[in-house]
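The structure appears below as structure tokens.
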Amino acid sequence: MLIASDSASVRAELRAVLDGPGTEVREVTRGAHVRAEVDRQAPDLLICDLQIGKMGGMATTLDLRLEEGADRLPHVPVLMLLDRRADVFLARRSEAEGFVVKPLDPFRLARAVEALLAGGTYEDEAYRPVTVALPAR
């Protein structure tokens, strides 16, 4: 797995959930470094923070998809870490297979990683507005 985040606390939080026997976790602190890492050794999954310096998660994911479309890189599933509900549009637009809205919850994160590693998708339900049912009159 490859983690792309310039936040040491986010990387530590992700490692706490992901580290385990048989799991190799690599890290980059800049979105611009992701393509080179994927080219060097394609990870099973990229976990990409939406806010990373000058080349954020959306630009990083779009870059991977363009390189994949030109047959220069293999397909790498992307789980994007979002800061707020409004960012869901960006994650979908960038063709990320999944997203989780911060603050990170270890259980949601583990479910998302499991779904993407199995070839599926994951959309964090936490971004959805709460529906309140009014009592009948």
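Numbering starts fresh at 1 for the residues of each chain in the structure tokens, the chains themselves are lettered A, B, ... in the order given, and ligands are numbered from 1 as they appear.
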
Quiz item: Could you pull out all residues of chain A with a DSSP call of strand (DSSP E) and give them as a list in words?
Solution: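 Going through chain A, the strand (DSSP E) residues come out as Leu2, Ile3, Ala4, Arg26, Glu27, Val28, Leu46, Ile47, Cys48, Asp49, Val78, Leu79, Met80, Leu81, Leu82, Gly98, Phe99, Val100, Val101, Tyr122 and Glu123 of chain A.
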
All residues 12 Å or closer to stretch 70-72 of chain A, only C-alpha atoms, same chain fewer than 3 positions away omitted, as a tab-separated table (two decimals) with all heavy atoms, in the first residue's frame:
```
chain	number	residue	atom	x	y	z
A	35	ARG	N	3.38	9.28	-8.76
A	35	ARG	CA	3.56	8.61	-10.04
A	35	ARG	C	4.87	7.82	-10.08
A	35	ARG	O	4.91	6.68	-10.54
A	35	ARG	CB	3.52	9.60	-11.20
A	35	ARG	CG	3.56	8.86	-12.53
A	35	ARG	CD	3.80	9.70	-13.75
A	35	ARG	NE	3.11	10.97	-13.77
A	35	ARG	CZ	3.41	11.91	-14.66
A	35	ARG	NH1	4.34	11.71	-15.56
A	35	ARG	NH2	2.76	13.05	-14.64
A	36	ALA	N	5.96	8.41	-9.60
A	36	ALA	CA	7.26	7.73	-9.59
A	36	ALA	C	7.21	6.48	-8.72
A	36	ALA	O	7.78	5.44	-9.08
A	36	ALA	CB	8.35	8.68	-9.13
A	38	VAL	N	4.53	4.67	-8.03
A	38	VAL	CA	3.70	3.67	-8.72
A	38	VAL	C	4.49	3.05	-9.86
A	38	VAL	O	4.43	1.84	-10.09
A	38	VAL	CB	2.39	4.32	-9.24
A	38	VAL	CG1	1.64	3.37	-10.16
A	38	VAL	CG2	1.50	4.71	-8.05
A	39	ASP	N	5.26	3.86	-10.57
A	39	ASP	CA	6.09	3.35	-11.67
A	39	ASP	C	7.17	2.41	-11.14
A	39	ASP	O	7.46	1.38	-11.75
A	39	ASP	CB	6.72	4.52	-12.43
A	39	ASP	CG	7.38	4.08	-13.72
A	39	ASP	OD1	6.81	3.21	-14.41
A	39	ASP	OD2	8.46	4.62	-14.04
A	40	ARG	N	7.74	2.74	-10.01
A	40	ARG	CA	8.80	1.91	-9.40
A	40	ARG	C	8.25	0.56	-8.96
A	40	ARG	O	8.81	-0.48	-9.25
A	40	ARG	CB	9.42	2.65	-8.21
A	40	ARG	CG	10.62	1.95	-7.60
A	40	ARG	CD	11.24	2.75	-6.47
A	40	ARG	NE	10.40	2.86	-5.30
A	40	ARG	CZ	10.24	1.91	-4.37
A	40	ARG	NH1	10.87	0.77	-4.49
A	40	ARG	NH2	9.45	2.10	-3.34
A	42	ALA	N	4.15	-0.78	-8.35
A	42	ALA	CA	2.73	-0.47	-8.22
A	42	ALA	C	2.17	-1.07	-6.92
A	42	ALA	O	2.31	-2.27	-6.68
A	42	ALA	CB	1.95	-1.00	-9.41
A	63	ASP	N	-3.89	12.31	-12.52
A	63	ASP	CA	-2.61	12.02	-13.17
A	63	ASP	C	-2.42	10.52	-13.35
A	63	ASP	O	-2.04	10.06	-14.43
A	63	ASP	CB	-1.47	12.61	-12.34
A	63	ASP	CG	-0.11	12.38	-12.98
A	63	ASP	OD1	0.07	12.75	-14.16
A	63	ASP	OD2	0.78	11.84	-12.29
A	64	LEU	N	-2.72	9.74	-12.31
A	64	LEU	CA	-2.61	8.28	-12.42
A	64	LEU	C	-3.56	7.73	-13.48
A	64	LEU	O	-3.19	6.85	-14.26
A	64	LEU	CB	-2.90	7.62	-11.07
A	64	LEU	CG	-1.87	7.79	-9.98
A	64	LEU	CD1	-2.32	7.05	-8.72
A	64	LEU	CD2	-0.51	7.29	-10.42
A	65	ARG	N	-4.79	8.25	-13.51
A	65	ARG	CA	-5.76	7.76	-14.48
A	65	ARG	C	-5.34	8.09	-15.92
A	65	ARG	O	-5.52	7.29	-16.83
A	65	ARG	CB	-7.15	8.34	-14.19
A	65	ARG	CG	-7.74	7.92	-12.85
A	65	ARG	CD	-7.84	6.41	-12.72
A	65	ARG	NE	-8.33	6.01	-11.43
A	65	ARG	CZ	-7.64	5.29	-10.56
A	65	ARG	NH1	-6.42	4.89	-10.83
A	65	ARG	NH2	-8.17	4.95	-9.40
A	66	LEU	N	-4.76	9.27	-16.11
A	66	LEU	CA	-4.27	9.64	-17.45
A	66	LEU	C	-3.10	8.74	-17.87
A	66	LEU	O	-3.04	8.28	-19.02
A	66	LEU	CB	-3.86	11.11	-17.49
A	66	LEU	CG	-5.01	12.11	-17.41
A	66	LEU	CD1	-4.47	13.52	-17.20
A	66	LEU	CD2	-5.89	12.03	-18.64
A	67	GLU	N	-2.19	8.50	-16.96
A	67	GLU	CA	-1.04	7.62	-17.26
A	67	GLU	C	-1.50	6.19	-17.52
A	67	GLU	O	-0.98	5.50	-18.39
A	67	GLU	CB	-0.02	7.66	-16.12
A	67	GLU	CG	0.69	8.99	-15.98
A	67	GLU	CD	1.50	9.33	-17.22
A	67	GLU	OE1	2.37	8.55	-17.62
A	67	GLU	OE2	1.25	10.42	-17.79
A	75	HIS	N	-3.23	-0.02	-13.45
A	75	HIS	CA	-4.32	0.53	-12.64
A	75	HIS	C	-4.01	0.34	-11.16
A	75	HIS	O	-3.60	-0.73	-10.73
A	75	HIS	CB	-5.65	-0.17	-12.98
A	75	HIS	CG	-6.78	0.33	-12.14
A	75	HIS	ND1	-7.37	1.54	-12.37
A	75	HIS	CD2	-7.37	-0.19	-11.04
A	75	HIS	CE1	-8.31	1.75	-11.46
A	75	HIS	NE2	-8.33	0.70	-10.65
```

Counting only C-alpha atoms, what are the residues of stretch 36-110 of chain A within 9 Å of stretch 1-16 of chain A, and for each of them which pair of atoms is the nearest and at what distance in Å, to one decimal? Sort the table by chain and rising number, as JSON lines.
```
{"residue": "A:Glu37", "atom": "CA", "partner": "A:Leu2", "partner_atom": "CA", "distance": 8.3}
{"residue": "A:Val38", "atom": "CA", "partner": "A:Leu2", "partner_atom": "CA", "distance": 8.5}
{"residue": "A:Ala42", "atom": "CA", "partner": "A:Met1", "partner_atom": "CA", "distance": 8.7}
{"residue": "A:Pro43", "atom": "CA", "partner": "A:Met1", "partner_atom": "CA", "distance": 5.0}
{"residue": "A:Asp44", "atom": "CA", "partner": "A:Met1", "partner_atom": "CA", "distance": 5.6}
{"residue": "A:Leu45", "atom": "CA", "partner": "A:Met1", "partner_atom": "CA", "distance": 5.0}
{"residue": "A:Leu46", "atom": "CA", "partner": "A:Leu2", "partner_atom": "CA", "distance": 4.8}
{"residue": "A:Ile47", "atom": "CA", "partner": "A:Ile3", "partner_atom": "CA", "distance": 4.9}
{"residue": "A:Cys48", "atom": "CA", "partner": "A:Ala4", "partner_atom": "CA", "distance": 4.8}
{"residue": "A:Asp49", "atom": "CA", "partner": "A:Ser5", "partner_atom": "CA", "distance": 5.2}
{"residue": "A:Leu50", "atom": "CA", "partner": "A:Ser5", "partner_atom": "CA", "distance": 8.3}
{"residue": "A:Gln51", "atom": "CA", "partner": "A:Ser5", "partner_atom": "CA", "distance": 7.6}
{"residue": "A:Ile52", "atom": "CA", "partner": "A:Asp6", "partner_atom": "CA", "distance": 5.6}
{"residue": "A:Gly53", "atom": "CA", "partner": "A:Asp6", "partner_atom": "CA", "distance": 7.0}
{"residue": "A:Gly56", "atom": "CA", "partner": "A:Ser5", "partner_atom": "CA", "distance": 9.0}
{"residue": "A:Gly57", "atom": "CA", "partner": "A:Ala4", "partner_atom": "CA", "distance": 8.2}
{"residue": "A:Leu104", "atom": "CA", "partner": "A:Glu13", "partner_atom": "CA", "distance": 8.1}
{"residue": "A:Pro106", "atom": "CA", "partner": "A:Leu14", "partner_atom": "CA", "distance": 8.2}
{"residue": "A:Leu109", "atom": "CA", "partner": "A:Leu14", "partner_atom": "CA", "distance": 8.4}
```

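Restricting the calculation to only C-alpha atoms, the smallest distance between A:Ala126 and any of A:Glu114, A:Leu90, A:Met55, A:Lys102 is found for A:Lys102.
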
Exercise. Using DSSP on the backbone coordinates, identify the residues of chain A assigned to helix (DSSP H, G or I); present them as JSON, numbers by chain.
Key: {"A": [8, 9, 10, 11, 12, 13, 14, 15, 16, 17, 18, 31, 32, 33, 34, 35, 36, 37, 38, 39, 40, 57, 58, 59, 60, 61, 62, 63, 64, 65, 66, 67, 68, 69, 85, 86, 87, 88, 89, 90, 91, 92, 93, 106, 107, 108, 109, 110, 111, 112, 113, 114, 115, 116, 117, 125, 126, 127]}

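Straight-line separation from atom CA of A:Gly69 to atom CA of A:Gln41: 17.9 Å.
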
Quiz item: When you draw a straight line from atom CA of A:Ala115 to atom CA of A:Asp19, how long is it in Å?
Solution: 17.0 Å

Quiz prompt | Å distance separating atom CA of A:Thr121 from atom CA of A:Gly31, one decimal place | solution =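 These atoms are spaced 21.9 Å apart.
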